[in-house]
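Quick look at my_file.tsv (TSV, C-alpha atoms):
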chain	number	residue	atom	x	y	z
A	1	LEU	CA	81.98	84.77	94.25
A	2	PHE	CA	79.00	83.28	92.42
A	3	GLY	CA	76.69	86.23	91.80
A	4	HIS	CA	72.92	86.39	92.14
A	5	GLU	CA	69.78	87.01	90.13
A	6	LYS	CA	67.45	89.96	90.55
A	7	GLY	CA	64.97	89.23	93.34
A	8	SER	CA	66.88	86.23	94.70
A	9	PHE	CA	66.85	87.79	98.18
A	10	THR	CA	65.62	90.95	99.88
A	11	GLY	CA	67.48	93.91	98.41
A	12	ALA	CA	68.62	92.09	95.26
A	13	THR	CA	67.32	94.73	92.85
A	14	ASP	CA	69.68	93.83	90.01
A	15	ARG	CA	71.45	90.77	88.68
A	16	GLN	CA	75.00	90.57	90.04
A	17	ILE	CA	77.79	88.81	88.15
A	18	GLY	CA	80.06	86.91	90.56
A	19	LYS	CA	83.85	87.02	90.71
A	20	PHE	CA	84.27	83.62	89.05
A	21	GLU	CA	82.11	84.66	86.12
A	22	GLN	CA	83.93	87.99	85.83
A	23	ALA	CA	87.24	86.12	85.72
A	24	ASP	CA	86.18	83.71	82.96
A	25	LYS	CA	89.29	82.87	80.88
A	26	GLY	CA	91.40	84.52	83.59
A	27	THR	CA	92.48	84.24	87.22
A	28	VAL	CA	90.71	84.56	90.57
A	29	PHE	CA	92.72	85.23	93.73
A	30	LEU	CA	91.12	83.81	96.87
A	31	ASP	CA	92.79	85.36	99.92
A	32	GLU	CA	92.54	83.67	103.32
A	33	ILE	CA	90.91	80.58	101.86
A	34	GLY	CA	91.50	78.79	105.16
A	35	ASP	CA	88.75	80.98	106.67
A	36	MET	CA	86.16	79.91	104.08
A	37	SER	CA	83.07	78.07	105.34
A	38	LEU	CA	82.58	74.43	104.39
A	39	LYS	CA	79.46	75.39	102.40
A	40	THR	CA	81.41	77.89	100.30
A	41	GLN	CA	84.27	75.40	99.94
A	42	ALA	CA	81.83	72.96	98.34
A	43	LYS	CA	80.72	75.60	95.84
A	44	VAL	CA	84.31	76.55	94.99
A	45	LEU	CA	85.16	72.88	94.51
A	46	ARG	CA	82.28	72.55	92.04
A	47	VAL	CA	83.62	75.49	90.03
A	48	LEU	CA	87.08	73.91	89.95
A	49	GLN	CA	85.93	70.37	89.11
A	50	GLU	CA	82.95	70.97	86.84
A	51	GLN	CA	83.94	74.42	85.52
A	52	GLU	CA	80.43	75.65	86.15
A	53	LEU	CA	78.53	77.65	88.71
A	54	GLU	CA	74.99	78.59	89.56
A	55	ARG	CA	74.08	82.13	90.57
A	56	LEU	CA	71.96	82.48	93.69
A	57	GLY	CA	68.31	82.50	92.64
A	58	SER	CA	68.98	80.76	89.34
A	59	ASN	CA	68.72	77.18	88.20
A	60	ARG	CA	70.88	77.80	85.11
A	61	LEU	CA	74.45	76.51	85.05
A	62	ILE	CA	77.08	78.94	83.76
A	63	LYS	CA	80.30	77.55	82.30
A	64	VAL	CA	83.50	79.25	83.47
A	65	ASP	CA	87.17	78.65	82.81
A	66	VAL	CA	89.21	80.15	85.63
A	67	ARG	CA	92.59	79.64	87.20
A	68	VAL	CA	92.54	79.96	90.99
A	69	ILE	CA	95.35	81.28	93.12
A	70	ALA	CA	94.66	80.93	96.82
A	71	ALA	CA	96.49	82.16	99.90
A	72	THR	CA	96.18	81.46	103.58
A	73	ASN	CA	98.13	81.87	106.77
A	74	ARG	CA	96.66	78.66	108.17
A	75	ALA	CA	98.08	75.16	108.04
A	76	LEU	CA	95.51	73.69	105.64
A	77	LYS	CA	96.74	70.11	106.16
A	78	ASP	CA	95.88	70.49	109.86
A	79	GLN	CA	92.49	71.93	108.97
A	80	VAL	CA	91.85	69.00	106.64
A	81	ALA	CA	92.79	66.60	109.45
A	82	ASN	CA	90.35	68.22	111.89
A	83	GLY	CA	87.52	68.57	109.34
A	84	ALA	CA	87.61	72.36	109.01
A	85	PHE	CA	88.77	72.24	105.38
A	86	ARG	CA	87.64	69.87	102.64
A	87	ASP	CA	90.34	67.41	101.61
A	88	ASP	CA	89.12	67.28	97.99
A	89	LEU	CA	89.37	71.07	97.71
A	90	TYR	CA	92.78	71.03	99.39
A	91	TYR	CA	94.15	68.55	96.84
A	92	ARG	CA	92.54	70.44	93.96
A	93	LEU	CA	94.18	73.70	95.10
A	94	SER	CA	97.56	72.28	96.01
A	95	ALA	CA	98.69	71.48	92.46
A	96	LEU	CA	101.43	74.05	92.98
A	97	THR	CA	102.20	75.14	96.52
A	98	LEU	CA	104.50	78.01	97.39
A	99	ARG	CA	105.40	78.40	101.04
A	100	LEU	CA	106.52	81.90	101.89
A	101	PRO	CA	108.23	82.36	105.23
A	102	THR	CA	106.91	85.09	107.48
A	103	LEU	CA	108.81	88.37	107.67
A	104	ARG	CA	110.14	87.42	111.11
A	105	ASP	CA	111.82	84.44	109.39
A	106	ARG	CA	113.40	86.55	106.62
A	107	LYS	CA	114.53	89.73	108.30
A	108	GLU	CA	117.16	90.27	105.61
A	109	ASP	CA	114.26	91.40	103.38
A	110	VAL	CA	113.37	94.35	105.63
A	111	PRO	CA	115.62	96.94	103.89
A	112	ALA	CA	114.38	95.99	100.40
A	113	LEU	CA	110.77	96.06	101.61
A	114	LEU	CA	111.34	99.46	103.22
A	115	ASP	CA	112.56	100.79	99.87
A	116	ALA	CA	109.61	99.28	97.97
A	117	PHE	CA	107.10	100.72	100.44
A	118	ALA	CA	108.91	104.07	100.44
A	119	VAL	CA	108.47	104.31	96.68
A	120	ARG	CA	104.82	103.28	96.94
A	121	HIS	CA	103.91	105.62	99.81
A	122	GLY	CA	106.44	108.45	99.57
A	123	GLY	CA	108.16	107.47	102.78
A	124	PRO	CA	111.77	107.12	103.89
A	125	MET	CA	114.14	104.78	102.08
A	126	ALA	CA	116.13	102.22	104.08
A	127	SER	CA	119.21	104.43	103.84
A	128	SER	CA	117.30	107.14	105.79
A	129	PHE	CA	117.07	104.99	108.93
A	130	ASP	CA	119.78	105.41	111.53
A	131	VAL	CA	121.44	102.29	112.95
A	132	GLU	CA	119.22	102.11	116.05
A	133	ALA	CA	116.01	102.51	114.03
A	134	MET	CA	117.08	99.90	111.48
A	135	ASN	CA	118.11	97.47	114.23
A	136	ALA	CA	114.71	97.93	115.90
A	137	LEU	CA	112.97	97.06	112.64
A	138	LEU	CA	115.25	94.07	112.11
A	139	ASP	CA	114.71	92.80	115.67
A	140	PHE	CA	110.90	93.17	115.62
A	141	ASN	CA	108.68	90.03	115.68
A	142	TYR	CA	106.14	91.17	112.99
A	143	ALA	CA	102.98	89.42	114.11
A	144	GLY	CA	101.23	91.33	111.30
A	145	ASN	CA	103.84	90.18	108.78
A	146	VAL	CA	104.72	92.44	105.84
A	147	ARG	CA	101.55	94.53	106.27
A	148	GLU	CA	102.81	95.65	109.66
A	149	LEU	CA	106.05	96.97	108.15
A	150	GLU	CA	104.15	98.65	105.32
A	151	ASN	CA	101.84	100.38	107.81
A	152	GLU	CA	104.86	101.72	109.67
A	153	VAL	CA	106.27	103.14	106.42
A	154	ARG	CA	102.89	104.77	105.70
A	155	ARG	CA	102.89	106.32	109.16
A	156	LEU	CA	106.45	107.56	108.76
A	157	ALA	CA	105.64	108.99	105.32
A	158	ALA	CA	102.77	110.98	106.83
A	159	GLN	CA	104.86	112.23	109.75
A	160	LEU	CA	108.37	112.57	108.34
A	161	GLY	CA	108.12	112.42	104.59
A	162	LYS	CA	111.34	110.92	103.30
A	163	GLY	CA	113.22	110.97	106.61
A	164	PRO	CA	115.70	110.81	108.27
A	165	VAL	CA	114.36	108.26	110.76
A	166	ARG	CA	115.56	107.80	114.34
A	167	LEU	CA	114.47	105.15	116.83
A	168	SER	CA	112.29	107.74	118.57
A	169	ASP	CA	110.40	108.28	115.28
A	170	LEU	CA	109.27	104.67	115.12
A	171	ASP	CA	106.03	103.48	116.69
A	172	ALA	CA	106.66	102.68	120.36
A	173	LYS	CA	106.16	98.93	119.76
A	174	PHE	CA	109.40	98.84	117.76
A	175	GLY	CA	111.35	100.56	120.51
A	176	ASP	CA	109.86	98.27	123.16
A	177	GLU	CA	111.14	95.13	121.45
A	178	HIS	CA	114.50	96.71	120.66
Could you quickly redo this structure as structure tokens?
Amino acid sequence: LFGHEKGSFTGATDRQIGKFEQADKGTVFLDEIGDMSLKTQAKVLRVLQEQELERLGSNRLIKVDVRVIAATNRALKDQVANGAFRDDLYYRLSALTLRLPTLRDRKEDVPALLDAFAVRHGGPMASSFDVEAMNALLDFNYAGNVRELENEVRRLAAQLGKGPVRLSDLDAKFGDEH
């Protein structure tokens, strides 16, 4: 995220520009920010508040102007309450919060997602699934969220191409829940 100078640690043979510096005048996406260590949270907060960073092995401050978009599957308010996430960073990041329900809470999106993934991966469109196969996908719990559905479309694309798809073609986990 912050980069490093040549020689700042063993194996640092060249200067490395960090993601924040690369994104100057642009946007940085921080995925799974709820898993970030408190030490890194403090550094990210400094970038957001002071609009500056310091590369590892340097004592020079570098000005940056970045917009941050962050995502997490954790309840950050709970993490703030138990000390696992900095409250000042939480409030800095939560200027605009979008809560997206999990796929298991919006099963009506499954057919549209199937079509989008089919186009992306060359797999079967939703119309290629027979009733039992579609019902199995609609009834599934999706612990892995949308990625789990996308992986199934990738698998089907490799095995069946564009379809048709029967219940027996789906990964066994879908048939088990159905």
So that each row is one residue of stretch 92-137 of chain A with an atom at most 12 Å from stretch 150-163 of chain A, can you give its shortest atom pair and the distance in Å to one decimal, using all atoms listed in the file, rows by chain and rising number, as JSON lines?
{"residue": "A:Leu103", "atom": "CA", "partner": "A:Glu150", "partner_atom": "CA", "distance": 11.5}
{"residue": "A:Val110", "atom": "CA", "partner": "A:Glu150", "partner_atom": "CA", "distance": 10.2}
{"residue": "A:Pro111", "atom": "CA", "partner": "A:Val153", "partner_atom": "CA", "distance": 11.5}
{"residue": "A:Ala112", "atom": "CA", "partner": "A:Glu150", "partner_atom": "CA", "distance": 11.7}
{"residue": "A:Leu113", "atom": "CA", "partner": "A:Glu150", "partner_atom": "CA", "distance": 8.0}
{"residue": "A:Leu114", "atom": "CA", "partner": "A:Val153", "partner_atom": "CA", "distance": 7.0}
{"residue": "A:Asp115", "atom": "CA", "partner": "A:Val153", "partner_atom": "CA", "distance": 9.4}
{"residue": "A:Ala116", "atom": "CA", "partner": "A:Glu150", "partner_atom": "CA", "distance": 9.2}
{"residue": "A:Phe117", "atom": "CA", "partner": "A:Glu150", "partner_atom": "CA", "distance": 6.1}
{"residue": "A:Ala118", "atom": "CA", "partner": "A:Val153", "partner_atom": "CA", "distance": 6.6}
{"residue": "A:Val119", "atom": "CA", "partner": "A:Lys162", "partner_atom": "CA", "distance": 9.8}
{"residue": "A:Arg120", "atom": "CA", "partner": "A:Arg154", "partner_atom": "CA", "distance": 9.1}
{"residue": "A:His121", "atom": "CA", "partner": "A:Arg154", "partner_atom": "CA", "distance": 6.0}
{"residue": "A:Gly122", "atom": "CA", "partner": "A:Ala157", "partner_atom": "CA", "distance": 5.8}
{"residue": "A:Gly123", "atom": "CA", "partner": "A:Ala157", "partner_atom": "CA", "distance": 3.9}
{"residue": "A:Pro124", "atom": "CA", "partner": "A:Lys162", "partner_atom": "CA", "distance": 3.9}
{"residue": "A:Met125", "atom": "CA", "partner": "A:Lys162", "partner_atom": "CA", "distance": 6.9}
{"residue": "A:Ala126", "atom": "CA", "partner": "A:Gly163", "partner_atom": "CA", "distance": 9.6}
{"residue": "A:Ser127", "atom": "CA", "partner": "A:Gly163", "partner_atom": "CA", "distance": 9.3}
{"residue": "A:Ser128", "atom": "CA", "partner": "A:Gly163", "partner_atom": "CA", "distance": 5.7}
{"residue": "A:Phe129", "atom": "CA", "partner": "A:Gly163", "partner_atom": "CA", "distance": 7.5}
{"residue": "A:Asp130", "atom": "CA", "partner": "A:Gly163", "partner_atom": "CA", "distance": 9.9}
{"residue": "A:Ala133", "atom": "CA", "partner": "A:Gly163", "partner_atom": "CA", "distance": 11.6}
{"residue": "A:Leu137", "atom": "CA", "partner": "A:Glu152", "partner_atom": "CA", "distance": 9.8}
What would the file look like if the residues just selected were written as a PDB file, in the frame of the given file with C-alpha atoms?
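Result saved to out.pdb:
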ATOM      1  CA  LEU A 103     108.810  88.370 107.670  1.00  0.00           C
ATOM      2  CA  VAL A 110     113.370  94.350 105.630  1.00  0.00           C
ATOM      3  CA  PRO A 111     115.620  96.940 103.890  1.00  0.00           C
ATOM      4  CA  ALA A 112     114.380  95.990 100.400  1.00  0.00           C
ATOM      5  CA  LEU A 113     110.770  96.060 101.610  1.00  0.00           C
ATOM      6  CA  LEU A 114     111.340  99.460 103.220  1.00  0.00           C
ATOM      7  CA  ASP A 115     112.560 100.790  99.870  1.00  0.00           C
ATOM      8  CA  ALA A 116     109.610  99.280  97.970  1.00  0.00           C
ATOM      9  CA  PHE A 117     107.100 100.720 100.440  1.00  0.00           C
ATOM     10  CA  ALA A 118     108.910 104.070 100.440  1.00  0.00           C
ATOM     11  CA  VAL A 119     108.470 104.310  96.680  1.00  0.00           C
ATOM     12  CA  ARG A 120     104.820 103.280  96.940  1.00  0.00           C
ATOM     13  CA  HIS A 121     103.910 105.620  99.810  1.00  0.00           C
ATOM     14  CA  GLY A 122     106.440 108.450  99.570  1.00  0.00           C
ATOM     15  CA  GLY A 123     108.160 107.470 102.780  1.00  0.00           C
ATOM     16  CA  PRO A 124     111.770 107.120 103.890  1.00  0.00           C
ATOM     17  CA  MET A 125     114.140 104.780 102.080  1.00  0.00           C
ATOM     18  CA  ALA A 126     116.130 102.220 104.080  1.00  0.00           C
ATOM     19  CA  SER A 127     119.210 104.430 103.840  1.00  0.00           C
ATOM     20  CA  SER A 128     117.300 107.140 105.790  1.00  0.00           C
ATOM     21  CA  PHE A 129     117.070 104.990 108.930  1.00  0.00           C
ATOM     22  CA  ASP A 130     119.780 105.410 111.530  1.00  0.00           C
ATOM     23  CA  ALA A 133     116.010 102.510 114.030  1.00  0.00           C
ATOM     24  CA  LEU A 137     112.970  97.060 112.640  1.00  0.00           C
TER      25      LEU A 137
END
How close does each residue of stretch 40-159 of chain A get to stretch 27-33 of chain A, giving the shortest atom pair and distance in Å to one decimal for every residue with an atom at most 9 Å away, counting all atoms listed in the file, sorted by chain and residue number, as a Markdown table?
| residue | atom | partner | partner_atom | distance |
| --- | --- | --- | --- | --- |
| A:Gln41 | CA | A:Ile33 | CA | 8.6 |
| A:Asp65 | CA | A:Thr27 | CA | 8.9 |
| A:Val66 | CA | A:Thr27 | CA | 5.5 |
| A:Arg67 | CA | A:Thr27 | CA | 4.6 |
| A:Val68 | CA | A:Val28 | CA | 5.0 |
| A:Ile69 | CA | A:Phe29 | CA | 4.8 |
| A:Ala70 | CA | A:Leu30 | CA | 4.6 |
| A:Ala71 | CA | A:Asp31 | CA | 4.9 |
| A:Thr72 | CA | A:Glu32 | CA | 4.3 |
| A:Asn73 | CA | A:Glu32 | CA | 6.8 |
| A:Arg74 | CA | A:Glu32 | CA | 8.1 |
Original post:
Could you name the residues that touch A:Gly57 at 9 Å or less, counting only C-alpha atoms, but leaving out those on the same chain fewer than 3 positions away, as a PyMOL selection string?
Top reply: chain A and resi 4-9+54
Subject >> Top pick for closest residue to A:Gly83, considering A:Thr102, A:Ser37, A:Gln49, A:Arg147 and counting all atoms listed in the file >> reply: A:Ser37
Subject >> A:Ser168 surroundings by all atoms listed in the file, 10 Å radius, close-in-sequence under 4 positions cut, as a list in words >> reply: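 That gives Glu132, Ala133, Ala172, Phe174 and Gly175 of chain A.
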Subject >> Between atom CA of A:Asp14 and atom CA of A:Leu38, distance in Å (one decimal) >> reply: 27.4 Å
Subject >> Atomic separation - atom CA of A:Gly34 relative to atom CA of A:Leu98, Å >> reply: 15.2 Å
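Atom pair atom CA of A:Thr10 / atom CA of A:Leu56 has a distance of 12.3 Å (rounded to one decimal).
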Quick one: axis-aligned box around all listed atoms of stretch 3-8 of chain A, 4 Å on every side, centre and edge lengths in Å to one decimal, written as JSON.
{"center_x": 70.8, "center_y": 88.1, "center_z": 92.4, "size_x": 19.7, "size_y": 11.7, "size_z": 12.6}
Subject >> Top pick for closest residue to A:Lys63, considering A:Arg86, A:Lys173, A:Arg99, A:Arg46 and counting only C-alpha atoms >> reply: A:Arg46
Subject >> Polymer residues at most 9 Å from A:Ala143, only C-alpha atoms, same-chain spacing of 2 or more positions, as a PyMOL selection string >> reply: chain A and resi 102-104+140-141+145-146+148
All residues 8 Å or closer to A:Leu138, all atoms listed in the file, same chain fewer than 4 positions away omitted, as a PDB file with C-alpha atoms, in the frame of the given file:
ATOM      1  CA  LYS A 107     114.530  89.730 108.300  1.00  0.00           C
ATOM      2  CA  GLU A 108     117.160  90.270 105.610  1.00  0.00           C
ATOM      3  CA  VAL A 110     113.370  94.350 105.630  1.00  0.00           C
ATOM      4  CA  MET A 134     117.080  99.900 111.480  1.00  0.00           C
TER       5      MET A 134
END
**OP:** Using all atoms listed in the file, pick whichever of A:Leu149, A:Leu61, A:Gly18, A:Arg55 has the shortest atom-to-atom distance to A:Asp109.
**Re:** A:Leu149
Subject >> A:Leu53 surroundings by all atoms listed in the file, 9 Å radius, close-in-sequence under 3 positions cut, as an MDAnalysis selection string >> reply: chainID A and resid 2 20:21 43:44 46:47 50 60:64
